[in-house]
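Colleague: What follows is final-v6.pdb, PDB, C-alpha atoms and all ligand atoms.
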```pdb
ATOM      1  CA  MET A   1       2.159  28.367  33.617
ATOM      2  CA  ASP A   2      -1.558  29.260  33.381
ATOM      3  CA  SER A   3      -1.881  27.752  29.924
ATOM      4  CA  ASN A   4      -0.154  24.597  31.252
ATOM      5  CA  ASN A   5      -2.710  24.335  34.056
ATOM      6  CA  THR A   6      -5.579  24.763  31.585
ATOM      7  CA  LEU A   7      -4.074  22.103  29.295
ATOM      8  CA  HIS A   8      -3.575  19.692  32.189
ATOM      9  CA  SER A   9      -7.142  20.149  33.388
ATOM     10  CA  TYR A  10      -8.396  19.153  29.886
ATOM     11  CA  LEU A  11      -5.939  16.249  29.678
ATOM     12  CA  LEU A  12      -7.208  14.897  32.992
ATOM     13  CA  LYS A  13     -10.647  14.650  31.364
ATOM     14  CA  TYR A  14      -9.143  12.715  28.423
ATOM     15  CA  LEU A  15      -7.507  10.278  30.878
ATOM     16  CA  VAL A  16     -10.642   9.753  32.976
ATOM     17  CA  LEU A  17     -12.822   9.217  29.875
ATOM     18  CA  SER A  18     -10.245   6.791  28.431
ATOM     19  CA  ALA A  19     -10.239   4.798  31.692
ATOM     20  CA  LEU A  20     -14.067   4.804  31.800
ATOM     21  CA  SER A  21     -14.181   3.563  28.191
ATOM     22  CA  PHE A  22     -11.781   0.699  29.009
ATOM     23  CA  LEU A  23     -13.981  -0.168  31.985
ATOM     24  CA  ILE A  24     -17.140  -0.293  29.828
ATOM     25  CA  GLY A  25     -15.329  -2.019  26.919
ATOM     26  CA  THR A  26     -13.735  -4.748  29.024
ATOM     27  CA  LEU A  27     -16.919  -5.375  31.078
ATOM     28  CA  HIS A  28     -18.653  -5.710  27.701
ATOM     29  CA  GLY A  29     -15.883  -8.155  26.622
ATOM     30  CA  MET A  30     -16.381 -10.245  29.764
ATOM     31  CA  LEU A  31     -20.155 -10.330  29.300
ATOM     32  CA  GLN A  32     -19.916 -11.428  25.680
ATOM     33  CA  VAL A  33     -17.849 -14.537  26.563
ATOM     34  CA  MET A  34     -20.395 -15.763  29.136
ATOM     35  CA  PRO A  35     -22.042 -18.897  27.695
ATOM     36  CA  PRO A  36     -25.729 -17.775  27.644
ATOM     37  CA  ILE A  37     -24.868 -14.358  26.175
ATOM     38  CA  ARG A  38     -22.385 -15.956  23.732
ATOM     39  CA  ALA A  39     -25.055 -18.403  22.550
ATOM     40  CA  TRP A  40     -27.568 -15.564  22.064
ATOM     41  CA  LEU A  41     -24.998 -13.453  20.150
ATOM     42  CA  ASP A  42     -24.088 -16.437  17.941
ATOM     43  CA  SER A  43     -27.782 -17.041  17.222
ATOM     44  CA  ILE A  44     -28.148 -13.500  15.821
ATOM     45  CA  GLY A  45     -25.089 -13.662  13.582
ATOM     46  CA  SER A  46     -22.166 -12.428  15.720
ATOM     47  CA  PRO A  47     -19.328 -11.898  14.944
ATOM     48  CA  TYR A  48     -19.539 -12.234  11.144
ATOM     49  CA  GLY A  49     -22.769 -10.408  10.273
ATOM     50  CA  GLY A  50     -26.408  -9.930  11.189
ATOM     51  CA  PRO A  51     -27.523  -7.853  14.169
ATOM     52  CA  GLY A  52     -25.090  -9.694  16.500
ATOM     53  CA  HIS A  53     -22.185  -8.102  14.572
ATOM     54  CA  MET A  54     -23.200  -4.684  15.962
ATOM     55  CA  ILE A  55     -22.733  -5.818  19.568
ATOM     56  CA  ASP A  56     -19.700  -8.089  19.014
ATOM     57  CA  PRO A  57     -17.368  -6.884  17.626
ATOM     58  CA  LEU A  58     -18.494  -3.373  16.552
ATOM     59  CA  ALA A  59     -19.686  -1.859  19.867
ATOM     60  CA  HIS A  60     -16.991  -3.663  21.894
ATOM     61  CA  ALA A  61     -14.127  -2.807  19.501
ATOM     62  CA  HIS A  62     -14.966   0.909  19.183
ATOM     63  CA  MET A  63     -15.500   1.467  22.917
ATOM     64  CA  ASN A  64     -12.086  -0.072  23.641
ATOM     65  CA  LEU A  65     -10.189   1.265  20.632
ATOM     66  CA  VAL A  66     -11.673   4.732  20.091
ATOM     67  CA  GLY A  67     -12.891   5.462  23.660
ATOM     68  CA  GLY A  68      -9.931   3.774  25.385
ATOM     69  CA  VAL A  69      -6.906   3.791  23.078
ATOM     70  CA  VAL A  70      -7.567   6.826  20.853
ATOM     71  CA  LEU A  71      -8.495   9.204  23.727
ATOM     72  CA  LEU A  72      -5.343   8.070  25.543
ATOM     73  CA  ALA A  73      -3.242   8.569  22.395
ATOM     74  CA  MET A  74      -4.699  12.063  21.897
ATOM     75  CA  CYS A  75      -3.992  12.919  25.547
ATOM     76  CA  VAL A  76      -0.361  11.788  25.213
ATOM     77  CA  THR A  77       0.034  13.725  21.946
ATOM     78  CA  PHE A  78      -1.220  16.983  23.494
ATOM     79  CA  TYR A  79       1.028  16.430  26.527
ATOM     80  CA  LEU A  80       4.158  15.747  24.468
ATOM     81  CA  LEU A  81       3.711  18.284  21.657
ATOM     82  CA  PRO A  82       4.801  21.307  23.777
ATOM     83  CA  VAL A  83       7.773  19.273  25.074
ATOM     84  CA  PHE A  84       8.971  18.432  21.562
ATOM     85  CA  THR A  85       8.205  21.792  19.879
ATOM     86  CA  GLY A  86       9.077  24.043  22.829
ATOM     87  CA  ARG A  87       5.827  25.956  22.135
ATOM     88  CA  ALA A  88       2.293  25.903  23.519
ATOM     89  CA  ILE A  89      -0.495  23.914  21.841
ATOM     90  CA  TYR A  90      -1.958  26.028  18.993
ATOM     91  CA  SER A  91      -5.539  26.089  20.265
ATOM     92  CA  MET A  92      -6.890  25.186  23.683
ATOM     93  CA  LYS A  93     -10.437  25.554  22.321
ATOM     94  CA  LEU A  94      -9.710  22.794  19.802
ATOM     95  CA  VAL A  95      -8.343  20.545  22.598
ATOM     96  CA  LYS A  96     -11.729  20.966  24.290
ATOM     97  CA  HIS A  97     -13.680  20.442  21.046
ATOM     98  CA  THR A  98     -11.781  17.281  20.111
ATOM     99  CA  LEU A  99     -12.669  15.681  23.457
ATOM    100  CA  LEU A 100     -16.324  16.678  23.121
ATOM    101  CA  TRP A 101     -16.804  15.442  19.523
ATOM    102  CA  VAL A 102     -14.874  12.183  19.926
ATOM    103  CA  THR A 103     -16.599  11.344  23.233
ATOM    104  CA  VAL A 104     -20.132  12.161  22.042
ATOM    105  CA  GLY A 105     -19.337  10.317  18.778
ATOM    106  CA  VAL A 106     -17.989   7.115  20.306
ATOM    107  CA  TYR A 107     -20.545   6.874  23.134
ATOM    108  CA  SER A 108     -23.462   7.479  20.762
ATOM    109  CA  PHE A 109     -21.888   4.902  18.364
ATOM    110  CA  TYR A 110     -21.780   2.382  21.234
ATOM    111  CA  ILE A 111     -25.359   3.026  22.416
ATOM    112  CA  ILE A 112     -26.735   2.878  18.841
ATOM    113  CA  GLN A 113     -24.957  -0.441  18.115
ATOM    114  CA  ILE A 114     -26.243  -1.982  21.365
ATOM    115  CA  ILE A 115     -29.849  -0.768  20.924
ATOM    116  CA  PHE A 116     -30.127  -1.775  17.237
ATOM    117  CA  GLY A 117     -28.207  -5.033  17.834
ATOM    118  CA  ILE A 118     -30.674  -6.125  20.550
ATOM    119  CA  TRP A 119     -33.737  -4.776  18.706
ATOM    120  CA  GLU A 120     -32.951  -6.276  15.299
ATOM    121  CA  GLY A 121     -31.645  -9.458  16.961
ATOM    122  CA  GLN A 122     -34.995  -9.939  18.681
ATOM    123  CA  LEU A 123     -36.884  -9.383  15.406
ATOM    124  CA  LEU A 124     -34.572 -11.844  13.630
ATOM    125  CA  LEU A 125     -35.256 -14.522  16.256
ATOM    126  CA  GLU A 126     -39.002 -13.908  15.807
ATOM    127  CA  SER A 127     -38.477 -14.214  11.999
ATOM    128  CA  ARG A 128     -39.810 -10.669  11.474
ATOM    129  CA  ASP A 129     -38.665  -8.199   8.834
ATOM    130  CA  TYR A 130     -36.419  -5.381  10.088
ATOM    131  CA  SER A 131     -35.580  -3.556   6.852
ATOM    132  CA  ASP A 132     -37.485  -0.399   7.956
ATOM    133  CA  ILE A 133     -35.384  -0.225  11.128
ATOM    134  CA  GLN A 134     -32.186  -0.635   9.058
ATOM    135  CA  HIS A 135     -33.079   2.622   7.322
ATOM    136  CA  VAL A 136     -33.273   4.482  10.664
ATOM    137  CA  TYR A 137     -30.053   2.755  11.787
ATOM    138  CA  GLY A 138     -28.260   4.045   8.685
ATOM    139  CA  MET A 139     -29.282   7.633   9.416
ATOM    140  CA  VAL A 140     -28.418   7.705  13.128
ATOM    141  CA  MET A 141     -25.099   5.940  12.450
ATOM    142  CA  ALA A 142     -24.223   8.525   9.810
ATOM    143  CA  VAL A 143     -24.722  11.310  12.392
ATOM    144  CA  SER A 144     -22.765   9.441  15.086
ATOM    145  CA  GLY A 145     -19.906   8.493  12.731
ATOM    146  CA  THR A 146     -19.667  12.059  11.422
ATOM    147  CA  THR A 147     -19.511  13.375  14.997
ATOM    148  CA  MET A 148     -16.533  11.105  15.722
ATOM    149  CA  ALA A 149     -14.902  12.109  12.440
ATOM    150  CA  VAL A 150     -15.231  15.831  13.314
ATOM    151  CA  GLY A 151     -13.317  15.078  16.547
ATOM    152  CA  PHE A 152     -10.553  13.336  14.584
ATOM    153  CA  CYS A 153     -10.343  16.305  12.162
ATOM    154  CA  THR A 154     -10.097  18.931  14.926
ATOM    155  CA  PHE A 155      -7.367  16.788  16.525
ATOM    156  CA  PHE A 156      -5.362  16.563  13.318
ATOM    157  CA  ALA A 157      -5.783  20.290  12.601
ATOM    158  CA  ASN A 158      -4.566  21.232  16.094
ATOM    159  CA  VAL A 159      -1.538  18.910  15.901
ATOM    160  CA  LEU A 160      -0.578  20.239  12.476
ATOM    161  CA  LEU A 161      -1.038  23.889  13.499
ATOM    162  CA  SER A 162       0.925  23.320  16.725
ATOM    163  CA  VAL A 163       3.846  21.981  14.714
ATOM    164  CA  VAL A 164       3.921  24.568  11.920
ATOM    165  CA  VAL A 165       2.425  27.746  13.438
ATOM    166  CA  LYS A 166       3.320  29.627  16.617
ATOM    167  CA  SER A 167       0.444  29.696  19.126
ATOM    168  CA  LYS A 168      -1.397  32.993  19.697
TER     169      LYS A 168
HETATM  170  C1  LIG B   1     -11.712  -8.246  29.686
HETATM  171  C2  LIG B   1     -11.315  -7.798  28.539
HETATM  172  C3  LIG B   1     -11.796  -8.293  27.186
HETATM  173  C4  LIG B   1     -12.508  -9.409  26.831
HETATM  174  C5  LIG B   1     -13.035 -10.521  27.722
HETATM  175  C6  LIG B   1     -12.669  -9.372  25.386
HETATM  176  C7  LIG B   1     -13.348 -10.328  24.639
HETATM  177  C8  LIG B   1     -13.525 -10.256  23.278
HETATM  178  C9  LIG B   1     -14.273 -11.212  22.510
HETATM  179  C10 LIG B   1     -14.967 -12.430  23.066
HETATM  180  C11 LIG B   1     -14.245 -10.809  21.224
HETATM  181  C12 LIG B   1     -14.956 -11.435  20.054
HETATM  182  C13 LIG B   1     -14.158 -12.430  19.313
HETATM  183  C14 LIG B   1     -15.038 -13.000  18.218
HETATM  184  O1  LIG B   1     -16.241 -13.081  18.414
HETATM  185  O2  LIG B   1     -14.502 -13.297  17.162
HETATM  186  C15 LIG B   1     -13.472  -9.590  21.154
HETATM  187  C16 LIG B   1     -13.221  -8.881  19.988
HETATM  188  C17 LIG B   1     -12.454  -7.742  19.947
HETATM  189  N1  LIG B   1     -11.854  -7.101  21.008
HETATM  190 FE1  LIG B   1     -12.005  -7.651  22.947
HETATM  191  N2  LIG B   1     -12.051  -8.230  24.908
HETATM  192  C18 LIG B   1     -11.519  -7.552  25.972
HETATM  193  C19 LIG B   1     -10.816  -6.366  25.919
HETATM  194  C20 LIG B   1     -10.446  -5.718  24.757
HETATM  195  C21 LIG B   1      -9.607  -4.530  24.707
HETATM  196  C22 LIG B   1      -8.974  -3.862  25.939
HETATM  197  C23 LIG B   1      -9.507  -4.194  23.387
HETATM  198  C24 LIG B   1      -8.769  -3.049  22.742
HETATM  199  C25 LIG B   1      -7.919  -2.256  23.325
HETATM  200  C26 LIG B   1     -10.284  -5.150  22.617
HETATM  201  C27 LIG B   1     -10.444  -5.119  21.256
HETATM  202  C28 LIG B   1     -11.167  -6.015  20.536
HETATM  203  C29 LIG B   1     -11.335  -5.939  19.077
HETATM  204  C30 LIG B   1     -10.717  -4.903  18.143
HETATM  205  C31 LIG B   1     -12.149  -7.019  18.711
HETATM  206  C32 LIG B   1     -12.645  -7.350  17.321
HETATM  207  C33 LIG B   1     -11.634  -8.229  16.659
HETATM  208  C34 LIG B   1     -12.122  -8.549  15.266
HETATM  209  O3  LIG B   1     -12.355  -7.619  14.492
HETATM  210  O4  LIG B   1     -12.270  -9.741  14.966
HETATM  211  N3  LIG B   1     -10.842  -6.045  23.491
HETATM  212  N4  LIG B   1     -13.045  -9.265  22.434
HETATM  213  C1  LIG B   2     -14.849   8.347  12.557
HETATM  214  C2  LIG B   2     -14.431   7.291  13.171
HETATM  215  C3  LIG B   2     -14.927   5.878  12.889
HETATM  216  C4  LIG B   2     -16.086   5.421  12.336
HETATM  217  C5  LIG B   2     -17.274   6.232  11.862
HETATM  218  C6  LIG B   2     -16.010   3.968  12.299
HETATM  219  C7  LIG B   2     -17.004   3.139  11.810
HETATM  220  C8  LIG B   2     -16.870   1.788  11.609
HETATM  221  C9  LIG B   2     -17.852   0.935  10.989
HETATM  222  C10 LIG B   2     -19.206   1.417  10.437
HETATM  223  C11 LIG B   2     -17.336  -0.319  10.951
HETATM  224  C12 LIG B   2     -18.042  -1.561  10.453
HETATM  225  C13 LIG B   2     -17.667  -1.958   9.081
HETATM  226  C14 LIG B   2     -18.487  -3.208   8.776
HETATM  227  O1  LIG B   2     -19.620  -3.079   8.321
HETATM  228  O2  LIG B   2     -18.009  -4.304   9.059
HETATM  229  C15 LIG B   2     -16.034  -0.285  11.586
HETATM  230  C16 LIG B   2     -15.213  -1.369  11.783
HETATM  231  C17 LIG B   2     -14.080  -1.347  12.556
HETATM  232  N1  LIG B   2     -13.478  -0.230  13.108
HETATM  233 FE1  LIG B   2     -14.190   1.632  13.020
HETATM  234  N2  LIG B   2     -14.829   3.580  12.831
HETATM  235  C18 LIG B   2     -14.119   4.712  13.183
HETATM  236  C19 LIG B   2     -12.870   4.761  13.763
HETATM  237  C20 LIG B   2     -12.151   3.648  14.154
HETATM  238  C21 LIG B   2     -10.878   3.702  14.838
HETATM  239  C22 LIG B   2     -10.135   4.994  15.185
HETATM  240  C23 LIG B   2     -10.518   2.419  15.089
HETATM  241  C24 LIG B   2      -9.295   1.896  15.800
HETATM  242  C25 LIG B   2      -8.509   2.610  16.571
HETATM  243  C26 LIG B   2     -11.550   1.548  14.528
HETATM  244  C27 LIG B   2     -11.538   0.178  14.566
HETATM  245  C28 LIG B   2     -12.396  -0.629  13.859
HETATM  246  C29 LIG B   2     -12.287  -2.081  13.792
HETATM  247  C30 LIG B   2     -11.222  -2.934  14.485
HETATM  248  C31 LIG B   2     -13.341  -2.532  12.988
HETATM  249  C32 LIG B   2     -13.623  -3.951  12.568
HETATM  250  C33 LIG B   2     -14.494  -4.624  13.570
HETATM  251  C34 LIG B   2     -14.830  -5.975  13.026
HETATM  252  O3  LIG B   2     -15.801  -6.072  12.225
HETATM  253  O4  LIG B   2     -14.147  -6.935  13.360
HETATM  254  N3  LIG B   2     -12.528   2.337  13.993
HETATM  255  N4  LIG B   2     -15.774   1.007  11.970
END
```
What's the structure tokens form of this structure?
Ligand code: HEM
Ligand code: HEM
Modeller:
Amino acid sequence: MDSNNTLHSYLLKYLVLSALSFLIGTLHGMLQVMPPIRAWLDSIGSPYGGPGHMIDPLAHAHMNLVGGVVLLAMCVTFYLLPVFTGRAIYSMKLVKHTLLWVTVGVYSFYIIQIIFGIWEGQLLLESRDYSDIQHVYGMVMAVSGTTMAVGFCTFFANVLLSVVVKSK
């Protein structure tokens, strides 16, 4: 019963963060169809390439899909696993870690795409070179992407261990 309460308190956080991500992602979607913003995004290459590509679709798609859909899918998986296996989730610590890594990963991904999209977009419109900034972008994106990937790995490990190993 106690372990169920602990699990449910973590899963509530998954649900709230998923809902918040859908809120941010859909508000972003609504903003990017407004004519002045659309025209600005088009002028910096969106959606096919150039800095505009980072804002639409990359930032928008990942906030909705990873923040919204994936966190919800992970929440449902952790809720249903004990029902289907008849055993507790293998590691509660990993449930907590997955949420932390995926959330920090996807929110940093979103913020980086927005900041570099606007910054490089402005330089493009002023016909200035932004290759130095691209180098910094590559490094911060590698850290952010790896953070998300760690969250996906801890999720997979916990699901696999919950199915094949009895919890401690
Ligand atoms: C109010 C809600 C939303 C609006 C107004 C909206 C609007 C848009 C717009 C204008 C685009 C760009 C299309 C283009 O430039 O080619 C787009 C792309 C996209 N949206 Fe949304 N969106 C919304 C919600 C969502 C949600 C809830 C999801 C996912 C669960 C989603 C996933 C995507 C994806 C994956 C793309 C990129 C598609 C591609 O790769 O071409 N959107 N959205
Ligand atoms: C570790 C996790 C992830 C990382 C680091 C990551 C990173 C990226 C990057 C860098 C691109 C751009 C590729 C390009 O240059 O065009 C991309 C595209 C995309 N990713 Fe992810 N991604 C991750 C997970 C996911 C997941 C879980 C989903 C869906 C549930 C997803 C949906 C998409 C979509 C729809 C696009 C294409 C957007 C477009 O250009 O139309 N990603 N991703």
Colleague: Suppose you want the space between atom CA of A:Tyr130 and atom C5 of ligand LIG 2 (chain B); what is it in Å?
Modeller: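 These two atoms are separated by 22.5 Å.
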Colleague: What lies within 9 Å of A:Val159 using only C-alpha atoms, ignoring chain neighbours under 4 positions off, as a tab-separated table (two decimals) with C-alpha atoms, keeping the file's coordinate frame?
Modeller:
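What ended up in part_6.tsv:
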```tsv
chain	number	residue	atom	x	y	z
A	77	THR	CA	0.03	13.72	21.95
A	78	PHE	CA	-1.22	16.98	23.49
A	81	LEU	CA	3.71	18.28	21.66
A	89	ILE	CA	-0.50	23.91	21.84
A	90	TYR	CA	-1.96	26.03	18.99
A	154	THR	CA	-10.10	18.93	14.93
A	155	PHE	CA	-7.37	16.79	16.52
A	163	VAL	CA	3.85	21.98	14.71
A	164	VAL	CA	3.92	24.57	11.92
```
Colleague: Taking all atoms listed in the file into account, report as a ChimeraX atom specification which residues have an atom no farther than 10 Å from an atom of ligand LIG 2 (chain B).
Modeller: /A:46-49,53-54,56-71,73,102,105-106,109,113,138,141-153
Colleague: Can you work out which one of A:Leu160, A:Ala39, A:Met30, A:Ala88 has the shortest atom-to-atom distance to ligand LIG 1 (chain B), counting all atoms listed in the file?
Modeller: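 Among the listed residues, A:Met30 lies closest to ligand LIG 1 (chain B).
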Colleague: Written as a PyMOL selection string, which residues does the PyMOL selection byres (((chain A and resi 4) around 12) and not hetatm) give for the file shown?
Modeller: chain A and resi 1-3+5-11+78-80+82-83+87-89+92
Colleague: Based on the selection just made, write C-alpha atoms of those residues as a PDB file, in the coordinates of the input.
Modeller:
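Here's the written file part_39.pdb:
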```pdb
ATOM      1  CA  MET A   1       2.159  28.367  33.617  1.00  0.00           C
ATOM      2  CA  ASP A   2      -1.558  29.260  33.381  1.00  0.00           C
ATOM      3  CA  SER A   3      -1.881  27.752  29.924  1.00  0.00           C
ATOM      4  CA  ASN A   5      -2.710  24.335  34.056  1.00  0.00           C
ATOM      5  CA  THR A   6      -5.579  24.763  31.585  1.00  0.00           C
ATOM      6  CA  LEU A   7      -4.074  22.103  29.295  1.00  0.00           C
ATOM      7  CA  HIS A   8      -3.575  19.692  32.189  1.00  0.00           C
ATOM      8  CA  SER A   9      -7.142  20.149  33.388  1.00  0.00           C
ATOM      9  CA  TYR A  10      -8.396  19.153  29.886  1.00  0.00           C
ATOM     10  CA  LEU A  11      -5.939  16.249  29.678  1.00  0.00           C
ATOM     11  CA  PHE A  78      -1.220  16.983  23.494  1.00  0.00           C
ATOM     12  CA  TYR A  79       1.028  16.430  26.527  1.00  0.00           C
ATOM     13  CA  LEU A  80       4.158  15.747  24.468  1.00  0.00           C
ATOM     14  CA  PRO A  82       4.801  21.307  23.777  1.00  0.00           C
ATOM     15  CA  VAL A  83       7.773  19.273  25.074  1.00  0.00           C
ATOM     16  CA  ARG A  87       5.827  25.956  22.135  1.00  0.00           C
ATOM     17  CA  ALA A  88       2.293  25.903  23.519  1.00  0.00           C
ATOM     18  CA  ILE A  89      -0.495  23.914  21.841  1.00  0.00           C
ATOM     19  CA  MET A  92      -6.890  25.186  23.683  1.00  0.00           C
TER      20      MET A  92
END
```
Colleague: Show me, as a PyMOL selection string, the residues that have an atom within 12 Å of A:Ile55 when counting only C-alpha atoms, minus same-chain residues fewer than 5 positions from it.
Modeller: chain A and resi 25+28-29+31-32+37-38+40-42+44-50+60-63+109-121
Colleague: Atom CA of A:Phe22 to atom C9 of ligand LIG 1 (chain B): how many Å, to one decimal?
Modeller: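 If I compute the distance from atom CA of A:Phe22 to atom C9 of ligand LIG 1 (chain B), I get 13.8 Å.
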Colleague: Point out the residue among A:Val104, A:Ala157, A:Val76, A:Ile24 with the least atom-to-atom distance to ligand LIG 1 (chain B), counting only C-alpha atoms and all ligand atoms.
Modeller: A:Ile24
Colleague: Of the residues A:Thr85, A:Ser43, A:Thr26, A:Thr98, which is the one nearest to ligand LIG 1 (chain B), using only C-alpha atoms and all ligand atoms?
Modeller: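 Smallest separation from ligand LIG 1 (chain B) among the options: A:Thr26.
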Colleague: Between A:Ser108, A:Ser127, A:Gln122, A:Thr103, which one has atoms that come closest to A:Met74, using only C-alpha atoms?
Modeller: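 Ranked by minimum distance to A:Met74, first place goes to A:Thr103.
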Colleague: So what do you get for atom C21 of ligand LIG 1 (chain B) versus atom CA of A:Tyr137, distance-wise?
Modeller: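 These two atoms are separated by 25.3 Å.
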Colleague: Just checking: using all atoms listed in the file, which residue out of A:Cys75, A:Tyr107, A:Val16, A:Ser21 ends up closest to ligand LIG 1 (chain B)?
Modeller: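 Among the listed residues, A:Ser21 lies closest to ligand LIG 1 (chain B).
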Colleague: Could you write out as JSON the box around ligand LIG 1 (chain B) (axis-aligned, all atoms listed in the file, 5 Å on each side), with centre and edge lengths in Å to one decimal?
Modeller:
```
{"center_x": -12.1, "center_y": -7.8, "center_z": 22.1, "size_x": 18.3, "size_y": 21.0, "size_z": 25.2}
```
Colleague: Calculated over only C-alpha atoms and all ligand atoms, which of the candidates A:Leu27, A:Leu12, A:Val95, A:Ala19 has the smallest distance to ligand LIG 1 (chain B)?
Modeller: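 Among the listed residues, A:Leu27 lies closest to ligand LIG 1 (chain B).
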